[in-house]
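The structure file model_30.json is reproduced below (JSON, C-alpha atoms).
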```json
[["chain", "number", "residue", "atom", "x", "y", "z"],
["A", 660, "MET", "CA", 13.92, -3.42, 18.54],
["A", 661, "SER", "CA", 14.19, -0.53, 16.18],
["A", 662, "GLU", "CA", 11.02, 1.08, 14.92],
["A", 663, "HIS", "CA", 10.50, 2.91, 11.65],
["A", 664, "ARG", "CA", 7.82, 5.20, 10.25],
["A", 665, "VAL", "CA", 6.17, 3.93, 7.06],
["A", 666, "ASN", "CA", 3.68, 5.52, 4.71],
["A", 667, "LEU", "CA", 1.73, 3.27, 2.36],
["A", 668, "THR", "CA", -1.23, 3.59, 0.08],
["A", 669, "ILE", "CA", -3.35, 0.49, 0.61],
["A", 670, "ASN", "CA", -6.36, -0.02, -1.65],
["A", 671, "GLY", "CA", -6.30, 3.69, -2.47],
["A", 672, "ARG", "CA", -6.18, 4.86, 1.17],
["A", 673, "ARG", "CA", -3.14, 6.42, 2.82],
["A", 674, "HIS", "CA", -1.77, 4.61, 5.88],
["A", 675, "ALA", "CA", 0.97, 5.86, 8.17],
["A", 676, "ALA", "CA", 2.37, 3.76, 10.99],
["A", 677, "THR", "CA", 5.38, 3.02, 13.10],
["A", 678, "VAL", "CA", 6.51, -0.59, 12.68],
["A", 679, "GLU", "CA", 9.26, -2.78, 14.02],
["A", 680, "ALA", "CA", 12.08, -3.24, 11.53],
["A", 681, "ARG", "CA", 11.44, -6.98, 11.33],
["A", 682, "MET", "CA", 7.66, -6.85, 10.74],
["A", 683, "SER", "CA", 6.64, -8.40, 7.44],
["A", 684, "LEU", "CA", 4.32, -6.56, 5.10],
["A", 685, "GLY", "CA", 1.84, -9.43, 5.48],
["A", 686, "ASP", "CA", 1.77, -9.08, 9.25],
["A", 687, "TYR", "CA", 1.36, -5.32, 8.94],
["A", 688, "LEU", "CA", -1.47, -5.58, 6.40],
["A", 689, "ARG", "CA", -3.37, -8.19, 8.36],
["A", 690, "ASP", "CA", -2.69, -7.39, 12.00],
["A", 691, "GLU", "CA", -2.10, -3.64, 12.01],
["A", 692, "ALA", "CA", -4.03, -2.30, 9.01],
["A", 693, "GLY", "CA", -6.91, -4.80, 9.25],
["A", 694, "TYR", "CA", -6.82, -6.30, 5.76],
["A", 695, "THR", "CA", -7.70, -9.85, 6.72],
["A", 696, "GLY", "CA", -7.94, -11.00, 3.11],
["A", 697, "VAL", "CA", -4.16, -11.35, 3.34],
["A", 698, "HIS", "CA", -3.71, -14.92, 4.52],
["A", 699, "LEU", "CA", -0.41, -15.99, 6.04],
["A", 700, "GLY", "CA", 0.22, -19.67, 5.51],
["A", 701, "CYS", "CA", 3.77, -20.92, 5.31],
["A", 702, "GLU", "CA", 5.52, -17.57, 5.97],
["A", 703, "HIS", "CA", 8.33, -18.76, 3.68],
["A", 704, "GLY", "CA", 6.96, -17.60, 0.30],
["A", 705, "VAL", "CA", 6.03, -21.11, -0.81],
["A", 706, "CYS", "CA", 2.23, -21.32, -0.54],
["A", 707, "GLY", "CA", 1.26, -18.01, -2.16],
["A", 708, "ALA", "CA", -1.66, -17.29, 0.19],
["A", 709, "CYS", "CA", -0.19, -13.93, 1.20],
["A", 710, "THR", "CA", 0.21, -12.57, -2.33],
["A", 711, "VAL", "CA", -0.65, -8.89, -2.77],
["A", 712, "ILE", "CA", 0.09, -6.36, -5.50],
["A", 713, "VAL", "CA", 2.83, -3.87, -4.68],
["A", 714, "ASP", "CA", 3.41, -1.16, -7.29],
["A", 715, "ASP", "CA", 1.65, -3.26, -9.96],
["A", 716, "ARG", "CA", 3.61, -6.47, -9.24],
["A", 717, "ALA", "CA", 2.42, -9.57, -7.40],
["A", 718, "VAL", "CA", 4.60, -10.18, -4.34],
["A", 719, "ARG", "CA", 4.56, -12.53, -1.37],
["A", 720, "SER", "CA", 3.85, -10.22, 1.54],
["A", 721, "CYS", "CA", 5.52, -12.63, 3.97],
["A", 722, "LEU", "CA", 8.85, -12.12, 2.18],
["A", 723, "ILE", "CA", 8.93, -8.33, 2.16],
["A", 724, "LEU", "CA", 9.30, -6.20, 5.23],
["A", 725, "ALA", "CA", 6.83, -3.42, 5.90],
["A", 726, "VAL", "CA", 9.72, -0.94, 5.92],
["A", 727, "GLN", "CA", 10.67, -2.07, 2.41],
["A", 728, "ALA", "CA", 7.19, -1.15, 1.22],
["A", 729, "ASP", "CA", 7.45, 2.42, 2.52],
["A", 730, "GLY", "CA", 6.01, 4.74, -0.11],
["A", 731, "ALA", "CA", 4.50, 1.87, -2.12],
["A", 732, "GLU", "CA", 1.03, 1.41, -3.49],
["A", 733, "VAL", "CA", -0.40, -1.87, -2.20],
["A", 734, "THR", "CA", -3.53, -3.66, -3.35],
["A", 735, "THR", "CA", -5.08, -6.50, -1.36],
["A", 736, "ALA", "CA", -8.02, -8.69, -2.30],
["A", 737, "GLU", "CA", -10.30, -6.21, -0.50],
["A", 738, "GLY", "CA", -9.22, -3.50, -2.93],
["A", 739, "LEU", "CA", -10.06, -5.25, -6.20],
["A", 740, "ALA", "CA", -13.83, -4.87, -6.33],
["A", 741, "ASP", "CA", -15.35, -1.52, -7.25],
["A", 742, "SER", "CA", -16.79, 0.63, -4.47],
["A", 743, "ASP", "CA", -20.31, -0.26, -5.65],
["A", 744, "GLY", "CA", -19.58, -3.95, -5.07],
["A", 745, "THR", "CA", -18.97, -4.89, -8.70],
["A", 746, "LEU", "CA", -16.42, -7.68, -8.67],
["A", 747, "HIS", "CA", -13.07, -7.38, -10.41],
["A", 748, "PRO", "CA", -13.03, -9.55, -13.59],
["A", 749, "VAL", "CA", -10.73, -12.08, -11.91],
["A", 750, "GLN", "CA", -13.04, -12.35, -8.91],
["A", 751, "GLN", "CA", -16.06, -12.73, -11.19],
["A", 752, "VAL", "CA", -14.49, -15.50, -13.28],
["A", 753, "MET", "CA", -13.26, -17.31, -10.17],
["A", 754, "ARG", "CA", -16.81, -17.16, -8.79],
["A", 755, "GLU", "CA", -18.40, -18.37, -12.01],
["A", 756, "GLU", "CA", -15.96, -21.28, -12.29],
["A", 757, "HIS", "CA", -16.41, -22.27, -8.62],
["A", 758, "ALA", "CA", -12.64, -21.83, -8.25],
["A", 759, "LEU", "CA", -12.51, -21.99, -4.48],
["A", 760, "GLN", "CA", -13.31, -24.33, -1.71],
["A", 761, "CYS", "CA", -12.25, -23.30, 1.76],
["A", 762, "GLY", "CA", -11.05, -19.92, 0.44],
["A", 763, "PHE", "CA", -7.71, -19.78, 2.26],
["A", 764, "CYS", "CA", -5.57, -19.77, -0.89],
["A", 765, "THR", "CA", -8.08, -17.86, -3.02],
["A", 766, "PRO", "CA", -7.04, -14.25, -2.27],
["A", 767, "GLY", "CA", -3.42, -14.98, -3.18],
["A", 768, "ILE", "CA", -4.39, -16.69, -6.42],
["A", 769, "VAL", "CA", -6.77, -13.86, -7.30],
["A", 770, "MET", "CA", -4.03, -11.28, -6.68],
["A", 771, "THR", "CA", -1.53, -13.11, -8.89],
["A", 772, "LEU", "CA", -4.06, -13.47, -11.72],
["A", 773, "ALA", "CA", -5.13, -9.83, -11.34],
["A", 774, "ALA", "CA", -1.53, -8.63, -11.58],
["A", 775, "LEU", "CA", -0.93, -10.73, -14.70],
["A", 776, "THR", "CA", -4.16, -9.84, -16.50],
["A", 777, "GLY", "CA", -4.28, -6.13, -15.68],
["A", 778, "GLY", "CA", -2.76, -3.43, -17.84],
["A", 779, "GLN", "CA", -1.60, -3.59, -21.41],
["A", 780, "ASP", "CA", 0.67, -6.63, -21.11],
["A", 781, "LYS", "CA", -2.00, -9.24, -20.43],
["A", 782, "ALA", "CA", -0.45, -12.65, -19.86],
["A", 783, "ASP", "CA", -1.21, -15.58, -22.13],
["A", 784, "GLU", "CA", -2.65, -18.92, -20.99],
["A", 785, "ALA", "CA", 0.75, -20.58, -20.54],
["A", 786, "THR", "CA", 1.94, -17.75, -18.29],
["A", 787, "LEU", "CA", -1.23, -17.84, -16.20],
["A", 788, "MET", "CA", -1.06, -21.62, -15.83],
["A", 789, "ASN", "CA", 2.61, -21.41, -14.87],
["A", 790, "SER", "CA", 1.82, -18.73, -12.28],
["A", 791, "LEU", "CA", -0.56, -21.14, -10.55],
["A", 792, "SER", "CA", 2.36, -23.45, -9.77],
["A", 793, "GLY", "CA", 3.40, -20.88, -7.16],
["A", 794, "HIS", "CA", 0.21, -21.44, -5.16],
["A", 795, "ILE", "CA", -0.79, -24.35, -2.98],
["A", 796, "CYS", "CA", -4.47, -25.23, -2.67],
["A", 797, "ARG", "CA", -4.86, -27.83, 0.03],
["A", 798, "CYS", "CA", -8.52, -28.43, -0.86],
["A", 799, "THR", "CA", -7.57, -29.44, -4.42],
["A", 800, "GLY", "CA", -9.74, -26.84, -6.11],
["A", 801, "TYR", "CA", -7.28, -26.77, -8.99],
["A", 802, "GLN", "CA", -9.71, -27.70, -11.77],
["A", 803, "GLY", "CA", -11.93, -24.68, -11.17],
["A", 804, "ILE", "CA", -8.89, -22.44, -10.74],
["A", 805, "ARG", "CA", -7.41, -23.70, -14.02],
["A", 806, "ARG", "CA", -10.74, -23.15, -15.83],
["A", 807, "ALA", "CA", -10.82, -19.59, -14.50],
["A", 808, "ALA", "CA", -7.23, -18.95, -15.66],
["A", 809, "ARG", "CA", -8.02, -20.29, -19.13],
["A", 810, "ARG", "CA", -11.05, -18.00, -19.37],
["A", 811, "LEU", "CA", -9.04, -15.00, -18.23],
["A", 812, "ALA", "CA", -6.49, -15.66, -20.98],
["A", 813, "ALA", "CA", -9.12, -16.21, -23.66],
["A", 814, "GLU", "CA", -11.68, -13.52, -22.90],
["A", 815, "PRO", "CA", -10.99, -9.95, -24.01],
["A", 816, "GLY", "CA", -11.42, -7.27, -21.37],
["A", 817, "THR", "CA", -10.58, -9.50, -18.40]]
```
Rewritten as structure tokens:
Amino acid sequence: MSEHRVNLTINGRRHAATVEARMSLGDYLRDEAGYTGVHLGCEHGVCGACTVIVDDRAVRSCLILAVQADGAEVTTAEGLADSDGTLHPVQQVMREEHALQCGFCTPGIVMTLAALTGGQDKADEATLMNSLSGHICRCTGYQGIRRAARRLAAEPGT
């Protein structure tokens, strides 16, 4: 197998590693860099559990190779909260709306909502609801997740 050197910024920290050419970003983040909030479910990009933010865009980390992310800025669920423990607005709303059950799908959903509600181009309710169709929650926690998405669209500053 061929190996390649990669340099990433993950949750604000620089990471340098040598990875096999075929290693997915999700496998690297979870198994090599230790970010276990990245959950690998289907490994085909269908379930959404592995969603992270790469250069301000939500991506399925099982569908991108670690070598493709060389030089990128990556945010995982562990990187959303402030260093003092203050939750990111998406995490706070998800908590308040009891928008999780087993928690396996939750990090991916949180990352998608965070990518769509951050910055100047905050998504509207229809966009947030549509984005949820790319995530599978096997525990059927959809009602709480949908309530959280509606609140994120309606509340300023989230």
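With distances taken from (8.7, 5.3, -3.6) and restricted to all atoms listed in the file, the residues inside 12 Å are Val665, Asn666, Leu667, Thr668, Val713, Asp714, Val726, Gln727, Ala728, Asp729, Gly730, Ala731, Glu732 and Val733 of chain A.
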Can you tell me, as a PDB file with C-alpha atoms, in the coordinates of the input, what residues are no more than 9 Å from Arg716 in chain A when counting all atoms listed in the file, ignoring any on the same chain fewer than 3 positions away?
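Listed below is the output, around-v5.pdb:
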```
ATOM      1  CA  VAL A 711      -0.650  -8.890  -2.770  1.00  0.00           C
ATOM      2  CA  ILE A 712       0.090  -6.360  -5.500  1.00  0.00           C
ATOM      3  CA  VAL A 713       2.830  -3.870  -4.680  1.00  0.00           C
ATOM      4  CA  THR A 771      -1.530 -13.110  -8.890  1.00  0.00           C
ATOM      5  CA  ALA A 774      -1.530  -8.630 -11.580  1.00  0.00           C
ATOM      6  CA  LEU A 775      -0.930 -10.730 -14.700  1.00  0.00           C
TER       7      LEU A 775
END
```
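Take CA of Ser720 in chain A and CA of His674 in chain A: the distance between them is 16.4 Å.
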Counting all atoms listed in the file, find residues at most 12 Å from (-10.7, -9.0, -13.8) (file frame) and give them as a ChimeraX atom specification.
/A:736,739-741,745-754,769-778,781,807-808,810-812,814-817
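A straight line drawn from CA of Ala717 in chain A to CA of Ser661 in chain A is 27.9 Å long.
For the atom pair formed by CA of Ile795 in chain A and CA of Gly707 in chain A, the distance is 6.7 Å, given to one decimal.
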Of A:Ala813, A:Val705, A:Ile804, A:Met682, the one nearest to Glu755 in chain A when counting all atoms listed in the file is A:Ile804
Tell me which protein, DNA and RNA residues are within 8 Å of Pro766 in chain A, counting all atoms listed in the file, leaving out same-chain ones fewer than 6 positions away, and put them as a PyMOL selection string.
chain A and resi 696-698+708-710+736
To box range 663-675 of chain A, take all atoms listed in the file, fit an axis-aligned box, add 5 Å on each side, and give centre and edge lengths in Å to one decimal, as AutoDock Vina command-line options.
```
--center_x 2.1 --center_y 3.2 --center_z 4.6 --size_x 26.9 --size_y 16.4 --size_z 24.1
```
